[in-house]
$ cat work-v1.csv   # CSV, C-alpha atoms
chain,number,residue,atom,x,y,z
A,18,MET,CA,0.0,0.0,0.0
A,19,TYR,CA,2.7,2.4,1.0
A,20,LEU,CA,4.8,1.2,-1.9
A,21,VAL,CA,2.0,2.0,-4.3
A,22,ALA,CA,1.6,5.5,-2.8
A,23,LEU,CA,5.4,6.0,-3.0
A,24,LEU,CA,5.6,5.0,-6.6
A,25,LEU,CA,2.6,7.2,-7.5
A,26,LEU,CA,4.0,10.2,-5.7
A,27,GLY,CA,7.5,9.6,-7.2
A,28,GLY,CA,6.1,9.3,-10.7
A,29,ILE,CA,4.2,12.6,-10.3
A,30,LEU,CA,7.3,14.4,-9.0
A,31,TRP,CA,9.5,12.8,-11.7
A,32,GLN,CA,7.1,14.1,-14.3
A,33,GLY,CA,7.4,17.6,-12.8
A,34,LEU,CA,11.2,17.3,-12.7
A,35,VAL,CA,11.7,16.3,-16.3
A,36,SER,CA,9.5,19.1,-17.5
A,37,VAL,CA,11.5,21.9,-15.8
A,38,HIS,CA,13.2,24.2,-18.3
A,39,PRO,CA,17.0,23.9,-18.5
A,40,PHE,CA,19.3,26.0,-16.4
A,41,GLY,CA,20.2,29.4,-17.8
A,42,ASP,CA,17.0,29.4,-20.0
A,43,PRO,CA,14.3,31.1,-17.9
A,44,GLY,CA,10.7,31.0,-19.1
A,45,GLU,CA,9.6,34.6,-18.6
A,46,VAL,CA,12.2,36.7,-20.3
A,47,PRO,CA,10.5,40.1,-21.0
A,48,MET,CA,10.2,41.1,-17.3
A,49,ASP,CA,13.9,40.4,-16.7
A,50,GLN,CA,14.9,42.3,-19.9
A,51,TYR,CA,12.8,45.3,-18.8
A,52,TYR,CA,14.6,45.4,-15.4
A,53,LEU,CA,18.0,45.0,-16.9
A,54,GLU,CA,17.5,47.7,-19.6
A,55,LYS,CA,15.5,50.3,-17.6
A,56,ALA,CA,17.1,50.2,-14.2
A,57,GLN,CA,19.9,52.5,-15.2
A,58,PRO,CA,18.1,55.1,-17.3
A,59,GLU,CA,14.9,55.2,-15.3
A,60,LYS,CA,16.0,54.9,-11.7
A,61,ALA,CA,19.7,55.9,-12.0
A,62,ALA,CA,20.7,52.9,-10.0
A,63,ASN,CA,23.7,50.8,-10.9
A,64,ASN,CA,22.6,48.0,-8.6
A,65,VAL,CA,19.7,46.4,-10.4
A,66,VAL,CA,18.8,44.2,-7.4
A,67,THR,CA,18.5,47.2,-5.2
A,68,ALA,CA,16.4,49.0,-7.8
A,69,ILE,CA,14.0,46.1,-7.9
A,70,VAL,CA,13.9,45.7,-4.1
A,71,PHE,CA,13.5,49.4,-3.2
A,72,ASP,CA,11.8,50.8,-6.2
A,73,TYR,CA,9.9,48.5,-8.5
A,74,ARG,CA,8.9,46.2,-5.6
A,75,GLY,CA,9.1,48.8,-2.8
A,76,PHE,CA,5.7,47.9,-1.3
A,77,ASP,CA,7.0,44.4,-0.7
A,78,THR,CA,10.0,45.8,1.1
A,79,LEU,CA,7.7,47.9,3.2
A,80,GLY,CA,5.9,44.7,4.3
A,81,GLU,CA,9.3,43.2,5.1
A,82,GLY,CA,10.3,46.1,7.3
A,83,ALA,CA,6.9,45.9,9.0
A,84,VAL,CA,7.4,42.2,9.7
A,85,LEU,CA,10.8,43.0,11.2
A,86,PHE,CA,9.3,45.8,13.3
A,87,THR,CA,6.6,43.5,14.6
A,88,ALA,CA,9.0,40.7,15.4
A,89,ILE,CA,11.2,43.1,17.4
A,90,CYS,CA,8.2,44.5,19.3
A,91,SER,CA,7.1,41.0,20.2
A,92,VAL,CA,10.6,40.0,21.4
A,93,ALA,CA,10.7,43.2,23.5
A,94,ALA,CA,7.3,42.4,25.0
A,95,LEU,CA,8.3,38.8,25.7
A,96,PHE,CA,11.6,39.7,27.5
A,97,ARG,CA,10.2,42.7,29.4
A,98,GLN,CA,11.1,43.4,33.0
A,99,GLY,CA,8.6,43.7,35.7
A,100,GLY,CA,5.1,42.2,35.6
A,101,HIS,CA,1.6,43.6,35.7
A,102,GLY,CA,0.9,46.2,38.4
A,103,LYS,CA,4.5,46.8,39.3
B,25,MET,CA,27.6,37.9,30.8
B,26,LYS,CA,31.0,38.4,32.2
B,27,PRO,CA,33.8,40.0,30.0
B,28,MET,CA,36.0,37.5,28.3
B,29,SER,CA,39.8,37.3,28.5
B,30,VAL,CA,42.1,40.3,27.7
B,31,ILE,CA,43.0,38.8,24.4
B,32,VAL,CA,39.5,38.7,23.2
B,33,ARG,CA,38.8,42.2,24.5
B,34,THR,CA,41.9,43.7,22.8
B,35,VAL,CA,40.9,42.1,19.5
B,36,SER,CA,37.4,43.3,19.8
B,37,ASN,CA,38.7,46.9,20.5
B,38,MET,CA,40.6,46.8,17.3
B,39,PHE,CA,38.2,44.9,15.1
B,40,THR,CA,34.8,46.5,16.0
B,41,TRP,CA,35.8,49.8,14.3
B,42,PHE,CA,36.4,48.0,11.0
B,43,LEU,CA,33.1,46.1,11.4
B,44,MET,CA,31.1,49.3,12.0
B,45,VAL,CA,32.8,51.2,9.2
B,46,PHE,CA,32.2,48.2,6.8
B,47,GLY,CA,28.5,48.1,7.8
B,48,ALA,CA,28.1,51.8,7.3
B,49,TYR,CA,29.8,51.4,3.9
B,50,VAL,CA,27.5,48.6,2.9
B,51,ILE,CA,24.4,50.8,3.9
B,52,VAL,CA,25.6,54.0,2.2
B,53,HIS,CA,26.7,52.3,-1.1
B,54,GLY,CA,23.6,50.1,-1.3
B,55,HIS,CA,22.6,51.5,-4.7
B,56,LEU,CA,26.1,50.9,-6.2
B,57,THR,CA,27.5,47.7,-4.8
B,58,PRO,CA,26.0,44.4,-3.6
B,59,GLY,CA,24.3,44.8,-0.2
B,60,GLY,CA,22.0,47.4,1.1
B,61,GLY,CA,20.1,48.4,4.1
B,62,PHE,CA,19.2,45.0,5.4
B,63,GLN,CA,22.7,43.5,5.0
B,64,GLY,CA,24.6,46.6,6.3
B,65,GLY,CA,22.3,46.9,9.3
B,66,ALA,CA,22.9,43.2,10.1
B,67,VAL,CA,26.7,43.8,9.9
B,68,VAL,CA,26.5,46.8,12.4
B,69,ALA,CA,24.3,44.7,14.7
B,70,THR,CA,26.9,42.0,14.5
B,71,GLY,CA,29.4,44.5,15.8
B,72,ILE,CA,27.1,45.2,18.7
B,73,ALA,CA,26.9,41.5,19.4
B,74,PHE,CA,30.6,41.2,19.3
B,75,LEU,CA,31.0,44.0,21.8
B,76,LEU,CA,28.3,42.4,24.0
B,77,VAL,CA,30.1,39.0,24.0
B,78,ALA,CA,33.6,40.3,24.4
B,79,GLN,CA,33.2,43.2,26.8
B,80,GLY,CA,30.2,42.0,28.8
B,81,GLY,CA,26.9,43.6,29.2
B,82,ASP,CA,27.7,45.8,32.1
B,83,ARG,CA,30.1,47.8,30.1
B,84,LEU,CA,28.0,47.9,26.9
B,85,LEU,CA,24.7,48.8,28.4
B,86,PRO,CA,25.7,52.4,29.4
B,87,TRP,CA,26.8,53.0,25.9
B,88,VAL,CA,23.9,51.6,23.9
B,89,ARG,CA,20.6,52.3,25.5
B,90,PRO,CA,17.5,50.4,24.3
B,91,LEU,CA,15.4,53.6,24.5
B,92,TYR,CA,17.6,55.3,21.8
B,93,LEU,CA,17.5,52.1,19.8
B,94,THR,CA,13.7,52.0,19.9
B,95,PHE,CA,13.6,55.6,18.8
B,96,LEU,CA,16.0,54.9,15.9
B,97,GLU,CA,14.1,51.9,14.8
B,98,SER,CA,10.7,53.7,14.7
B,99,LEU,CA,12.4,56.6,12.9
B,100,GLY,CA,13.8,54.3,10.3
B,101,LEU,CA,10.5,52.7,9.5
B,102,LEU,CA,8.6,56.0,9.5
B,103,ALA,CA,11.2,57.5,7.2
B,104,PHE,CA,10.9,54.6,4.8
B,105,LEU,CA,7.1,55.0,4.7
B,106,ALA,CA,7.5,58.8,4.2
B,107,LEU,CA,9.9,58.2,1.3
B,108,GLY,CA,7.4,55.8,-0.2
B,109,PHE,CA,4.7,58.6,0.0
B,110,LEU,CA,7.1,61.1,-1.5
B,111,GLY,CA,6.1,60.1,-5.1
B,112,VAL,CA,2.5,59.4,-4.4
B,113,ARG,CA,1.5,61.9,-7.1
B,114,ARG,CA,2.5,59.3,-9.7
B,115,ALA,CA,2.3,56.1,-7.7
B,116,PHE,CA,3.0,54.7,-4.2
B,117,PHE,CA,6.8,54.1,-4.0
B,118,TYR,CA,7.4,56.0,-7.2
B,119,ASN,CA,11.0,57.3,-7.3
B,120,ALA,CA,10.4,61.0,-7.4
B,121,LEU,CA,14.0,62.1,-6.9
B,122,ALA,CA,15.9,60.1,-9.5
B,123,ASN,CA,17.2,62.0,-12.5
B,124,THR,CA,15.9,65.4,-11.3
B,125,GLY,CA,19.3,66.9,-10.7
B,126,SER,CA,18.5,67.8,-7.1
B,127,PHE,CA,21.0,67.5,-4.3
B,128,TRP,CA,19.3,64.5,-2.7
B,129,PHE,CA,20.8,61.8,-5.0
B,130,GLY,CA,19.3,63.3,-8.1
B,131,GLN,CA,22.2,63.0,-10.6
B,132,PRO,CA,21.8,60.7,-13.6
B,133,THR,CA,24.1,57.7,-13.7
B,134,PRO,CA,26.4,57.0,-16.7
B,135,LEU,CA,25.0,54.1,-18.8
B,136,GLY,CA,26.7,50.9,-19.3
B,137,ALA,CA,29.2,49.2,-17.0
B,138,ASN,CA,30.8,51.7,-14.6
B,139,SER,CA,31.8,52.0,-11.0
B,140,GLY,CA,28.9,54.4,-10.3
B,141,VAL,CA,28.4,57.9,-8.8
B,142,LEU,CA,27.4,58.2,-5.2
B,143,GLY,CA,24.8,60.9,-5.8
B,144,THR,CA,22.5,58.9,-8.0
B,145,SER,CA,19.3,56.8,-7.7
B,146,GLY,CA,17.0,59.2,-5.9
B,147,THR,CA,15.0,57.7,-3.1
B,148,ILE,CA,16.7,54.3,-3.3
B,149,ALA,CA,19.7,55.5,-1.5
B,150,LEU,CA,17.6,57.3,1.1
B,151,MET,CA,15.5,54.2,1.6
B,152,ASN,CA,18.7,52.2,2.1
B,153,LEU,CA,19.7,54.6,4.8
B,154,ALA,CA,16.2,54.3,6.5
B,155,VAL,CA,16.1,50.6,6.3
B,156,GLY,CA,19.7,50.3,7.5
B,157,LEU,CA,18.9,52.4,10.5
B,158,GLU,CA,15.8,50.3,11.3
B,159,VAL,CA,17.6,46.9,10.9
B,160,MET,CA,20.7,48.1,12.9
B,161,ALA,CA,18.6,49.4,15.8
B,162,GLY,CA,16.2,46.6,15.7
B,163,LEU,CA,18.7,43.7,15.8
B,164,SER,CA,20.8,45.5,18.4
B,165,MET,CA,17.6,46.0,20.4
B,166,ILE,CA,16.8,42.2,20.2
B,167,LEU,CA,20.3,41.4,21.5
B,168,LEU,CA,20.2,43.9,24.4
B,169,VAL,CA,16.6,42.8,25.4
B,170,MET,CA,17.6,39.1,25.4
B,171,PHE,CA,20.7,39.9,27.4
B,172,LYS,CA,18.6,41.7,30.0
B,173,GLY,CA,16.3,38.7,30.1
B,174,ILE,CA,19.2,36.4,30.7
B,175,ARG,CA,20.5,38.6,33.5
B,176,LEU,CA,17.1,38.8,35.1
B,177,TYR,CA,16.9,35.0,35.0
B,178,GLU,CA,20.3,34.7,36.6
B,179,THR,CA,19.8,37.2,39.4
B,180,GLN,CA,16.2,36.4,40.4
B,181,GLY,CA,16.6,32.6,40.4
B,182,LYS,CA,14.9,30.1,38.3
B,183,GLY,CA,11.4,30.2,37.1
B,184,GLU,CA,9.5,33.0,35.5
B,185,ALA,CA,10.5,35.7,38.0
B,186,GLY,CA,10.0,38.9,36.2
B,187,HIS,CA,7.2,38.2,33.7
B,188,ASP,CA,4.1,37.7,35.9
B,189,ARG,CA,3.7,38.3,39.6
$ encode --input "work-v1.csv" --output "structure tokens"
Amino acid sequence: MYLVALLLLGGILWQGLVSVHPFGDPGEVPMDQYYLEKAQPEKAANNVVTAIVFDYRGFDTLGEGAVLFTAICSVAALFRQGGHGK
Amino acid sequence: MKPMSVIVRTVSNMFTWFLMVFGAYVIVHGHLTPGGGFQGGAVVATGIAFLLVAQGGDRLLPWVRPLYLTFLESLGLLAFLALGFLGVRRAFFYNALANTGSFWFGQPTPLGANSGVLGTSGTIALMNLAVGLEVMAGLSMILLVMFKGIRLYETQGKGEAGHDR
């Protein structure tokens, strides 16, 4: 029973593995080309990764900073000194 | 935590300056070289951790106060949000300062492969500074707060002494 399930799952995963496009040949090229060509003239940034992280996908970075802020607030609340009513 | 031996303290006295300067370099040059606000802030916070381990908390805590760190952390996140709202006339997080020729990182960059000009990329550099401030203060704050928790646990005996009555 387990062997049948293992073979079924392995077959499905193998099908997915052989249909992956080869390394160095990504599927969605136009978006990458846009970033690589427009990052210098549009945003005047030599570092394309930073241009994506802080400008094209800046809202995502805002969420990242908010997650960090919330984590730090919760750690400070967990390790606080003195209890209730002190 | 007690201070470590004199060898470790001497090495930390020499090495922490390089670590801090390297972290500040990674933050400030985030739009030119690999790295940025998150990575540079983590490097500076590593320097704080190094000082905490080597010199002991009793010498570090008068230098680095958690109240100031909380202020810097909140200031960093608020500055990041304000810089995002700077270009809200076009879109949220629109880069309103790039290629305008203004003093705040407004110069255009030369195209093609070059080593870069520091005064380029508009709000990206300012956002790097804001995020670097936030990450540096936040991770240092986590370290100091955890150190205070350890000290509380050691002084007040075992069990949850300080958390609830």
$ residues_around --input "work-v1.csv" --residues "Met44 (chain B)" --least-positions-apart "3" --cutoff "8 Å" --atoms "all atoms listed in the file" --output "list of chain:residue names"
B:Thr40, B:Trp41, B:Gly47, B:Ala48, B:Val67, B:Val68, B:Gly71
$ closest_atom_pairs --input "work-v1.csv" --of "chain A" --to "chain B" --cutoff "8 Å" --atoms "all atoms listed in the file" --output "CSV"
residue,atom,partner,partner_atom,distance
A:Gln57,CA,B:Leu135,CA,6.4
A:Pro58,CA,B:Leu135,CA,7.1
A:Glu59,CA,B:Ala122,CA,7.7
A:Lys60,CA,B:Ser145,CA,5.5
A:Ala61,CA,B:Ser145,CA,4.4
A:Ala62,CA,B:Ser145,CA,4.7
A:Asn63,CA,B:Leu56,CA,5.3
A:Asn64,CA,B:Leu56,CA,5.1
A:Thr67,CA,B:His55,CA,6.0
A:Ala68,CA,B:Ile148,CA,7.0
A:Phe71,CA,B:Ile148,CA,5.9
A:Asp72,CA,B:Phe117,CA,6.4
A:Tyr73,CA,B:Phe117,CA,7.8
A:Gly75,CA,B:Phe117,CA,5.9
A:Phe76,CA,B:Phe117,CA,6.9
A:Leu79,CA,B:Leu105,CA,7.3
A:Gly82,CA,B:Leu101,CA,7.0
A:Ala83,CA,B:Leu101,CA,7.7
A:Leu85,CA,B:Val159,CA,7.8
A:Phe86,CA,B:Gly162,CA,7.3
A:Ile89,CA,B:Ile166,CA,6.3
A:Val92,CA,B:Ile166,CA,6.7
A:Ala93,CA,B:Val169,CA,6.2
A:Phe96,CA,B:Gly173,CA,5.5
A:Arg97,CA,B:His187,CA,6.9
A:Gln98,CA,B:Gly186,CA,5.6
A:Gly99,CA,B:Gly186,CA,5.0
A:Gly100,CA,B:Asp188,CA,4.6
A:His101,CA,B:Asp188,CA,6.4
$ atom_distance --input "work-v1.csv" --atom1 "CA of Asn37 (chain B)" --atom2 "CA of Trp87 (chain B)"
14.4 Å
$ residues_around --input "work-v1.csv" --residues "region 75-86 of chain B" --least-positions-apart "2" --cutoff "7 Å" --atoms "only C-alpha atoms" --output "PyMOL selection string"
chain B and resi 25-28+32-33+36+71-73+88-89
$ atom_distance --input "work-v1.csv" --atom1 "CA of Leu157 (chain B)" --atom2 "CA of Leu99 (chain B)"
8.1 Å
$ atom_distance --input "work-v1.csv" --atom1 "CA of Asp77 (chain A)" --atom2 "CA of Val45 (chain B)"
28.5 Å
$ closest_residue --input "work-v1.csv" --among "B:Ala106, B:Val112, B:Leu91, B:Ile51" --to "Gly65 (chain B)" --atoms "all atoms listed in the file"
B:Ile51
$ decode --input "work-v1.csv" --residues "region 50-101 of chain B" --atoms "C-alpha atoms" --output "short mmCIF file (atom, residue, chain, number, x, y, z; two decimals), in the first residue's frame"
data_model
loop_
_atom_site.label_atom_id
_atom_site.label_comp_id
_atom_site.auth_asym_id
_atom_site.auth_seq_id
_atom_site.Cartn_x
_atom_site.Cartn_y
_atom_site.Cartn_z
CA VAL B 50 27.45 48.62 2.87
CA ILE B 51 24.44 50.75 3.87
CA VAL B 52 25.59 53.97 2.17
CA HIS B 53 26.73 52.28 -1.05
CA GLY B 54 23.64 50.09 -1.28
CA HIS B 55 22.64 51.48 -4.68
CA LEU B 56 26.11 50.93 -6.18
CA THR B 57 27.53 47.70 -4.79
CA PRO B 58 26.01 44.42 -3.58
CA GLY B 59 24.33 44.79 -0.23
CA GLY B 60 21.97 47.41 1.06
CA GLY B 61 20.06 48.43 4.12
CA PHE B 62 19.21 44.99 5.45
CA GLN B 63 22.68 43.53 5.01
CA GLY B 64 24.57 46.57 6.30
CA GLY B 65 22.29 46.89 9.31
CA ALA B 66 22.92 43.23 10.10
CA VAL B 67 26.69 43.84 9.91
CA VAL B 68 26.49 46.76 12.35
CA ALA B 69 24.30 44.72 14.70
CA THR B 70 26.91 41.96 14.50
CA GLY B 71 29.42 44.50 15.78
CA ILE B 72 27.11 45.22 18.73
CA ALA B 73 26.85 41.48 19.40
CA PHE B 74 30.63 41.21 19.26
CA LEU B 75 30.99 43.98 21.84
CA LEU B 76 28.33 42.37 24.05
CA VAL B 77 30.07 38.99 24.03
CA ALA B 78 33.61 40.30 24.43
CA GLN B 79 33.21 43.24 26.79
CA GLY B 80 30.24 42.01 28.79
CA GLY B 81 26.86 43.60 29.16
CA ASP B 82 27.69 45.77 32.15
CA ARG B 83 30.13 47.82 30.08
CA LEU B 84 28.02 47.86 26.92
CA LEU B 85 24.65 48.85 28.38
CA PRO B 86 25.67 52.41 29.43
CA TRP B 87 26.84 53.01 25.85
CA VAL B 88 23.92 51.58 23.90
CA ARG B 89 20.57 52.32 25.51
CA PRO B 90 17.49 50.41 24.32
CA LEU B 91 15.39 53.60 24.49
CA TYR B 92 17.55 55.27 21.85
CA LEU B 93 17.48 52.11 19.76
CA THR B 94 13.68 52.01 19.90
CA PHE B 95 13.60 55.63 18.75
CA LEU B 96 15.99 54.95 15.86
CA GLU B 97 14.06 51.86 14.80
CA SER B 98 10.73 53.67 14.69
CA LEU B 99 12.39 56.61 12.93
CA GLY B 100 13.80 54.30 10.26
CA LEU B 101 10.47 52.65 9.47
#
